[in-house]
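Have a look at model-v9.cif; it's mmCIF, C-alpha atoms and all ligand atoms:
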data_protein
#
loop_
_atom_site.group_PDB
_atom_site.id
_atom_site.type_symbol
_atom_site.label_atom_id
_atom_site.label_comp_id
_atom_site.auth_asym_id
_atom_site.auth_seq_id
_atom_site.Cartn_x
_atom_site.Cartn_y
_atom_site.Cartn_z
ATOM 1 C CA MET K 2 72.205 118.291 96.007
ATOM 2 C CA SER K 3 72.634 117.793 92.286
ATOM 3 C CA SER K 4 75.726 118.861 90.430
ATOM 4 C CA GLN K 5 74.825 121.961 88.486
ATOM 5 C CA TYR K 6 78.329 123.273 89.027
ATOM 6 C CA THR K 7 81.640 121.686 88.174
ATOM 7 C CA ILE K 8 83.072 119.486 90.895
ATOM 8 C CA PRO K 9 86.901 119.645 90.916
ATOM 9 C CA TRP K 10 88.810 116.485 90.009
ATOM 10 C CA PHE K 11 91.296 115.277 92.620
ATOM 11 C CA ASP K 12 94.147 112.889 91.786
ATOM 12 C CA ASP K 13 96.692 113.689 94.503
ATOM 13 C CA PHE K 14 96.657 110.212 96.029
ATOM 14 C CA MET K 15 98.973 107.229 95.580
ATOM 15 C CA GLY K 16 96.659 104.560 94.334
ATOM 16 C CA VAL K 17 93.832 102.304 95.388
ATOM 17 C CA ALA K 18 93.988 99.122 97.467
ATOM 18 C CA TYR K 19 91.345 96.407 97.295
ATOM 19 C CA ARG K 20 90.996 94.237 100.383
ATOM 20 C CA TYR K 21 88.557 91.896 102.042
ATOM 21 C CA TYR K 22 87.686 93.310 105.441
ATOM 22 C CA ASP K 23 84.428 93.086 107.418
ATOM 23 C CA LEU K 24 83.178 90.354 105.049
ATOM 24 C CA ARG K 25 83.068 92.723 102.122
ATOM 25 C CA MET K 26 85.454 94.046 99.530
ATOM 26 C CA ASN K 27 86.882 97.401 100.529
ATOM 27 C CA VAL K 28 87.961 100.041 98.035
ATOM 28 C CA ILE K 29 90.716 102.031 99.690
ATOM 29 C CA PRO K 30 92.141 105.193 98.123
ATOM 30 C CA LEU K 31 95.662 105.497 99.547
ATOM 31 C CA LEU K 32 97.071 108.737 100.875
ATOM 32 C CA THR K 33 100.536 109.276 102.282
ATOM 33 C CA ASP K 34 99.573 111.760 104.929
ATOM 34 C CA ARG K 35 97.301 111.074 107.880
ATOM 35 C CA LYS K 36 96.173 114.689 108.216
ATOM 36 C CA GLN K 37 95.338 114.934 104.544
ATOM 37 C CA SER K 38 93.303 111.741 104.727
ATOM 38 C CA ALA K 39 91.420 113.017 107.769
ATOM 39 C CA SER K 40 90.554 116.291 106.099
ATOM 40 C CA ILE K 41 89.460 114.609 102.867
ATOM 41 C CA TRP K 42 87.120 112.433 104.879
ATOM 42 C CA HIS K 43 85.891 115.260 107.063
ATOM 43 C CA ASP K 44 85.411 117.869 104.308
ATOM 44 C CA THR K 45 84.265 115.700 101.448
ATOM 45 C CA ILE K 46 83.456 112.008 101.839
ATOM 46 C CA HIS K 47 81.625 112.371 105.147
ATOM 47 C CA TRP K 48 78.987 114.455 103.303
ATOM 48 C CA TRP K 49 78.456 111.998 100.481
ATOM 49 C CA VAL K 50 75.001 110.508 100.107
ATOM 50 C CA ASP K 51 75.647 106.753 100.213
ATOM 51 C CA LEU K 52 73.190 105.759 97.522
ATOM 52 C CA SER K 53 74.652 108.281 95.079
ATOM 53 C CA ILE K 54 78.304 107.181 95.413
ATOM 54 C CA LYS K 55 79.597 105.898 92.088
ATOM 55 C CA ILE K 56 82.824 104.171 91.185
ATOM 56 C CA ARG K 57 83.769 103.571 87.574
ATOM 57 C CA PHE K 58 86.597 101.596 86.000
ATOM 58 C CA VAL K 59 87.760 102.062 82.415
ATOM 59 C CA GLU K 60 90.521 99.811 81.112
ATOM 60 C CA THR K 61 93.006 101.218 78.615
ATOM 61 C CA GLY K 62 95.568 98.523 77.747
ATOM 62 C CA ASP K 63 97.429 97.390 80.858
ATOM 63 C CA LYS K 64 96.206 100.414 82.789
ATOM 64 C CA TYR K 65 92.829 101.448 84.068
ATOM 65 C CA TRP K 66 91.120 104.618 85.187
ATOM 66 C CA PHE K 67 89.662 104.656 88.680
ATOM 67 C CA ILE K 68 86.866 107.235 88.895
ATOM 68 C CA MET K 69 84.759 108.036 91.954
ATOM 69 C CA GLY K 70 82.189 110.691 92.706
ATOM 70 C CA SER K 71 79.003 111.397 94.581
ATOM 71 C CA ASP K 72 76.293 113.892 95.356
ATOM 72 C CA SER K 73 77.106 115.735 98.547
ATOM 73 C CA GLN K 74 75.169 117.395 101.344
ATOM 74 C CA LYS K 75 77.922 120.015 101.312
ATOM 75 C CA PRO K 76 78.523 120.734 97.612
ATOM 76 C CA ASP K 77 81.008 123.578 98.100
ATOM 77 C CA THR K 78 83.719 121.214 99.373
ATOM 78 C CA ASN K 79 82.856 118.272 97.165
ATOM 79 C CA LEU K 80 85.519 116.556 95.067
ATOM 80 C CA SER K 81 85.544 113.812 92.481
ATOM 81 C CA PHE K 82 88.478 111.410 92.446
ATOM 82 C CA PHE K 83 90.371 109.834 89.577
ATOM 83 C CA LYS K 84 93.665 108.054 89.065
ATOM 84 C CA VAL K 85 95.232 106.160 86.175
ATOM 85 C CA LEU K 86 96.679 102.955 87.614
ATOM 86 C CA HIS K 87 98.387 99.765 86.520
ATOM 87 C CA LYS K 88 96.171 96.701 86.578
ATOM 88 C CA SER K 89 97.052 94.444 89.480
ATOM 89 C CA GLU K 90 96.017 91.068 90.841
ATOM 90 C CA ASN K 91 93.988 92.764 93.548
ATOM 91 C CA TYR K 92 92.229 94.892 90.984
ATOM 92 C CA GLU K 93 91.324 91.787 88.958
ATOM 93 C CA ARG K 94 90.115 90.080 92.137
ATOM 94 C CA PHE K 95 87.902 93.043 92.945
ATOM 95 C CA LYS K 96 86.542 93.102 89.397
ATOM 96 C CA LYS K 97 85.502 89.453 89.629
ATOM 97 C CA GLY K 98 84.448 89.375 93.266
ATOM 98 C CA HIS K 99 82.798 92.636 94.319
ATOM 99 C CA GLY K 100 79.241 91.363 93.846
ATOM 100 C CA GLY K 101 77.817 94.834 93.335
ATOM 101 C CA GLU K 102 78.693 96.201 96.738
ATOM 102 C CA ALA K 103 81.802 97.462 98.531
ATOM 103 C CA TYR K 104 82.916 99.575 101.446
ATOM 104 C CA LEU K 105 84.785 102.795 100.814
ATOM 105 C CA ARG K 106 87.513 103.553 103.325
ATOM 106 C CA LEU K 107 90.588 105.730 103.215
ATOM 107 C CA GLY K 108 94.008 104.256 103.847
ATOM 108 C CA VAL K 109 97.296 105.816 104.844
ATOM 109 C CA TYR K 110 100.324 104.309 103.168
ATOM 110 C CA VAL K 111 103.274 104.143 105.547
ATOM 111 C CA LYS K 112 106.787 103.271 104.418
ATOM 112 C CA LYS K 113 108.734 101.106 106.838
ATOM 113 C CA SER K 114 112.479 101.021 107.308
ATOM 114 C CA LEU K 115 114.519 98.121 108.679
ATOM 115 C CA ASP K 116 114.763 99.396 112.253
ATOM 116 C CA GLY K 117 110.972 99.893 112.444
ATOM 117 C CA VAL K 118 109.897 96.326 111.661
ATOM 118 C CA LYS K 119 109.902 92.816 113.103
ATOM 119 C CA LYS K 120 112.467 90.272 111.918
ATOM 120 C CA ASN K 121 109.916 88.464 109.790
ATOM 121 C CA ALA K 122 108.581 91.578 108.018
ATOM 122 C CA MET K 123 108.667 91.142 104.278
ATOM 123 C CA CYS K 124 110.782 93.398 102.087
ATOM 124 C CA ASN K 125 109.573 94.420 98.634
ATOM 125 C CA CYS K 126 112.293 92.058 97.316
ATOM 126 C CA SER K 127 110.273 89.206 98.959
ATOM 127 C CA HIS K 128 112.948 88.385 101.569
ATOM 128 C CA GLU K 129 112.469 88.946 105.278
ATOM 129 C CA ALA K 130 113.920 91.729 107.397
ATOM 130 C CA ARG K 131 116.278 89.227 109.100
ATOM 131 C CA ASP K 132 117.853 88.583 105.691
ATOM 132 C CA HIS K 133 118.936 92.197 105.391
ATOM 133 C CA ASP K 134 122.183 93.373 106.920
ATOM 134 C CA GLU K 135 121.731 96.261 109.303
ATOM 135 C CA GLY K 136 125.466 96.901 109.302
ATOM 136 C CA ASP K 137 125.784 97.244 105.561
ATOM 137 C CA ASN K 138 123.221 99.779 104.418
ATOM 138 C CA ASP K 139 120.393 97.232 104.772
ATOM 139 C CA VAL K 140 121.425 95.172 101.723
ATOM 140 C CA CYS K 141 119.704 91.852 101.159
ATOM 141 C CA LEU K 142 121.989 88.943 102.061
ATOM 142 C CA TYR K 143 120.677 86.588 99.366
ATOM 143 C CA ASN K 144 123.353 86.309 96.688
ATOM 144 C CA SER K 145 120.782 86.061 93.937
ATOM 145 C CA CYS K 146 118.971 89.229 95.074
ATOM 146 C CA ASP K 147 120.001 92.707 93.995
ATOM 147 C CA CYS K 148 118.014 94.501 96.712
ATOM 148 C CA LYS K 149 120.240 97.228 98.179
ATOM 149 C CA LYS K 150 117.956 98.503 100.916
ATOM 150 C CA PHE K 151 115.132 97.049 102.969
ATOM 151 C CA SER K 152 111.838 98.650 102.087
ATOM 152 C CA SER K 153 108.364 97.706 103.065
ATOM 153 C CA PHE K 154 105.018 99.363 103.586
ATOM 154 C CA GLN K 155 101.907 99.070 105.613
ATOM 155 C CA VAL K 156 98.417 100.371 104.944
ATOM 156 C CA ASN K 157 96.622 101.845 107.937
ATOM 157 C CA LEU K 158 92.885 101.784 107.362
ATOM 158 C CA LEU K 159 90.756 104.579 108.720
ATOM 159 C CA LYS K 160 87.746 103.218 110.603
ATOM 160 C CA ARG K 161 85.003 105.252 109.017
ATOM 161 C CA LYS K 162 83.382 103.834 105.948
ATOM 162 C CA LYS K 163 80.684 104.391 103.360
ATOM 163 C CA THR K 164 78.809 101.800 101.346
ATOM 164 C CA ILE K 165 79.104 101.816 97.561
ATOM 165 C CA THR K 166 76.428 100.054 95.554
ATOM 166 C CA ASP K 167 76.946 101.700 92.152
ATOM 167 C CA ILE K 168 79.996 99.982 90.630
ATOM 168 C CA VAL K 169 80.444 99.867 86.854
ATOM 169 C CA PHE K 170 83.230 98.641 84.560
ATOM 170 C CA LEU K 171 83.165 100.425 81.200
ATOM 171 C CA ALA K 172 84.946 100.201 77.880
ATOM 172 C CA GLU K 173 86.352 103.523 76.671
ATOM 173 C CA LYS K 174 83.967 103.529 73.701
ATOM 174 C CA ASP K 175 81.060 103.625 76.165
ATOM 175 C CA VAL K 176 82.215 106.451 78.450
ATOM 176 C CA LYS K 177 79.954 108.937 76.625
ATOM 177 C CA ASP K 178 76.918 107.214 78.119
ATOM 178 C CA ASP K 179 78.057 107.692 81.711
ATOM 179 C CA PRO K 180 77.997 111.345 82.855
ATOM 180 C CA LEU K 181 80.603 111.043 85.641
ATOM 181 C CA THR K 182 83.064 109.121 83.473
ATOM 182 C CA TRP K 183 82.452 111.338 80.471
ATOM 183 C CA ASN K 184 83.141 114.443 82.538
ATOM 184 C CA CYS K 185 86.348 112.878 83.870
ATOM 185 C CA PHE K 186 87.657 111.824 80.452
ATOM 186 C CA ASN K 187 86.719 115.145 78.900
ATOM 187 C CA ILE K 188 88.543 117.214 81.477
ATOM 188 C CA ASN K 189 91.471 114.949 82.304
ATOM 189 C CA LYS K 190 92.142 113.218 79.006
ATOM 190 C CA TYR K 191 90.520 114.588 75.833
ATOM 191 C CA SER K 192 90.821 118.313 76.488
ATOM 192 C CA LYS K 193 94.449 117.853 77.576
ATOM 193 C CA SER K 194 95.506 115.919 74.509
ATOM 194 C CA GLU K 195 93.861 118.498 72.235
ATOM 195 C CA LYS K 196 96.025 121.218 73.681
ATOM 196 C CA ASN K 197 99.252 119.353 72.883
HETATM 197 ZN ZN ZN G 201 115.090 93.508 100.246
HETATM 198 ZN ZN ZN G 202 116.195 90.120 98.787
#

Written as C-alpha cells, that's how I'd like the structure from this file.
Ligand SMILES: [Zn+2]
Ligand SMILES: [Zn+2]
Amino acid sequence: MSSQYTIPWFDDFMGVAYRYYDLRMNVIPLLTDRKQSASIWHDTIHWWVDLSIKIRFVETGDKYWFIMGSDSQKPDTNLSFFKVLHKSENYERFKKGHGGEAYLRLGVYVKKSLDGVKKNAMCNCSHEARDHDEGDNDVCLYNSCDCKKFSSFQVNLLKRKKTITDIVFLAEKDVKDDPLTWNCFNINKYSKSEKN
C-alpha cells in the first residue's frame, strides 16, 4: 500500500469549494461532469485509506496550491490531485476554521441559465433573475450594471464522503520537508520551469 511507484498528478478539475455541511467543513473538488466525478470516486477515492489522506496548502502570493493524495488499496488506479487557485474568502474561512478535520466530497459544478432558475436566483452580477430581461438576451435591467447575460451556478454534492485528518498549511520554503508536496512541486513546478 505504500507508494514505491509514481502516482500520476491530476489537475483536470475546476477548483475546490469549502462548505459547512454535516457539522463539519467539507473540502469539495469541483468537476464539471457527473460521469467523470463518479468514475474518479469509484476508481480512485473510494480505495483511499482514510487515515492516510493528506491535504496540503502552499500559498504563493495571492494564489495557493491545493494538493491532495493518499495511500490506496488499489494502487494501479490511484491519483494525486493538485490545482493552483486564487485565494478566496471561503479558503480563508477553511484555513481558520477546519480544526484539524474535514470531510472530502466531490462536487459537480452546474451552470444555470435564466430559463432554468427561479425568479429570485442570484446572478453572478449579484442581481436576481427577475431583474434580467428574458426578451433582450438576458441583460441585467439595473442601469448601473453592465451584466449582459444572466449566469449562475450550483454545486451538486455527491453523497459519499471520506474523512481527512491530515491537513497542513506550508510555506514554499518548507515544501522539501513534506514528501507529497515536494513531489508535487518538483513535477508540476520546478521541473517545468527548468525546461523553459
Ligand atoms: Zn446579471
Ligand atoms: Zn446586474

Contacts of range 28-60 of chain K with range 181-184 of chain K up to 9 Å, shortest pair per row, all atoms listed in the file, as a Markdown table:
| residue | atom | partner | partner_atom | distance |
| --- | --- | --- | --- | --- |
| K:Lys55 | CA | K:Leu181 | CA | 8.3 |
| K:Arg57 | CA | K:Thr182 | CA | 6.9 |
| K:Phe58 | CA | K:Thr182 | CA | 8.7 |
| K:Val59 | CA | K:Thr182 | CA | 8.5 |

Might you pull out every residue within 9 Å of range 164-170 of chain K, with only C-alpha atoms counted and same-chain residues fewer than 5 positions away left off, and present them as a PyMOL selection string?
-> chain K and resi 51-60+96+99+101-105

With all atoms listed in the file counted, collect every polymer residue having an atom within 12 Å of ligand ZN 201 (chain G); state the result as a PyMOL selection string.
-> chain K and resi 113-115+121-135+138-153

Nearest to Pro30 in chain K among K:Ile8, K:Leu159, K:Val50, K:Cys185, with distances taken over only C-alpha atoms: which residue is it?
->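 Checking each of K:Ile8, K:Leu159, K:Val50, K:Cys185 against Pro30 in chain K, counting only C-alpha atoms, the winner is K:Leu159.
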
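For the pair CA of Phe154 in chain K and CA of Lys112 in chain K, the separation is 4.4 Å.
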
Name all residues at most 12 Å from Asn189 in chain K (count only C-alpha atoms; drop same-chain ones fewer than 5 positions away) and give them as a PDB file with C-alpha atoms, in the coordinates of the input.
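File produced: part_31.pdb:
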ATOM      1  CA  PRO K   9      86.901 119.645  90.916  1.00  0.00           C
ATOM      2  CA  TRP K  10      88.810 116.485  90.009  1.00  0.00           C
ATOM      3  CA  PHE K  11      91.296 115.277  92.620  1.00  0.00           C
ATOM      4  CA  ASP K  12      94.147 112.889  91.786  1.00  0.00           C
ATOM      5  CA  TRP K  66      91.120 104.618  85.187  1.00  0.00           C
ATOM      6  CA  ILE K  68      86.866 107.235  88.895  1.00  0.00           C
ATOM      7  CA  SER K  81      85.544 113.812  92.481  1.00  0.00           C
ATOM      8  CA  PHE K  82      88.478 111.410  92.446  1.00  0.00           C
ATOM      9  CA  PHE K  83      90.371 109.834  89.577  1.00  0.00           C
ATOM     10  CA  LYS K  84      93.665 108.054  89.065  1.00  0.00           C
ATOM     11  CA  VAL K  85      95.232 106.160  86.175  1.00  0.00           C
ATOM     12  CA  THR K 182      83.064 109.121  83.473  1.00  0.00           C
ATOM     13  CA  TRP K 183      82.452 111.338  80.471  1.00  0.00           C
ATOM     14  CA  ASN K 184      83.141 114.443  82.538  1.00  0.00           C
ATOM     15  CA  SER K 194      95.506 115.919  74.509  1.00  0.00           C
ATOM     16  CA  GLU K 195      93.861 118.498  72.235  1.00  0.00           C
ATOM     17  CA  LYS K 196      96.025 121.218  73.681  1.00  0.00           C
TER      18      LYS K 196
END

Starting from the shown file, work through the PyMOL selection byres (((chain K and resi 18-25) around 7) and not hetatm) and note down what comes out as an MDAnalysis selection string.
-> chainID K and resid 16:17 26:31 91:92 95 103:104

Selection dump of the PyMOL selection byres (((chain K and resi 110) around 8) and not hetatm), as JSON, numbers by chain | {"K": [31, 32, 33, 34, 108, 109, 111, 112, 154, 155, 156, 157]}

Could those residues be written to a file, using C-alpha atoms, as an mmCIF file, in the frame of the given file?
data_model
loop_
_atom_site.group_PDB
_atom_site.id
_atom_site.type_symbol
_atom_site.label_atom_id
_atom_site.label_comp_id
_atom_site.auth_asym_id
_atom_site.auth_seq_id
_atom_site.Cartn_x
_atom_site.Cartn_y
_atom_site.Cartn_z
ATOM 1 C CA LEU K 31 95.662 105.497 99.547
ATOM 2 C CA LEU K 32 97.071 108.737 100.875
ATOM 3 C CA THR K 33 100.536 109.276 102.282
ATOM 4 C CA ASP K 34 99.573 111.760 104.929
ATOM 5 C CA GLY K 108 94.008 104.256 103.847
ATOM 6 C CA VAL K 109 97.296 105.816 104.844
ATOM 7 C CA VAL K 111 103.274 104.143 105.547
ATOM 8 C CA LYS K 112 106.787 103.271 104.418
ATOM 9 C CA PHE K 154 105.018 99.363 103.586
ATOM 10 C CA GLN K 155 101.907 99.070 105.613
ATOM 11 C CA VAL K 156 98.417 100.371 104.944
ATOM 12 C CA ASN K 157 96.622 101.845 107.937
#
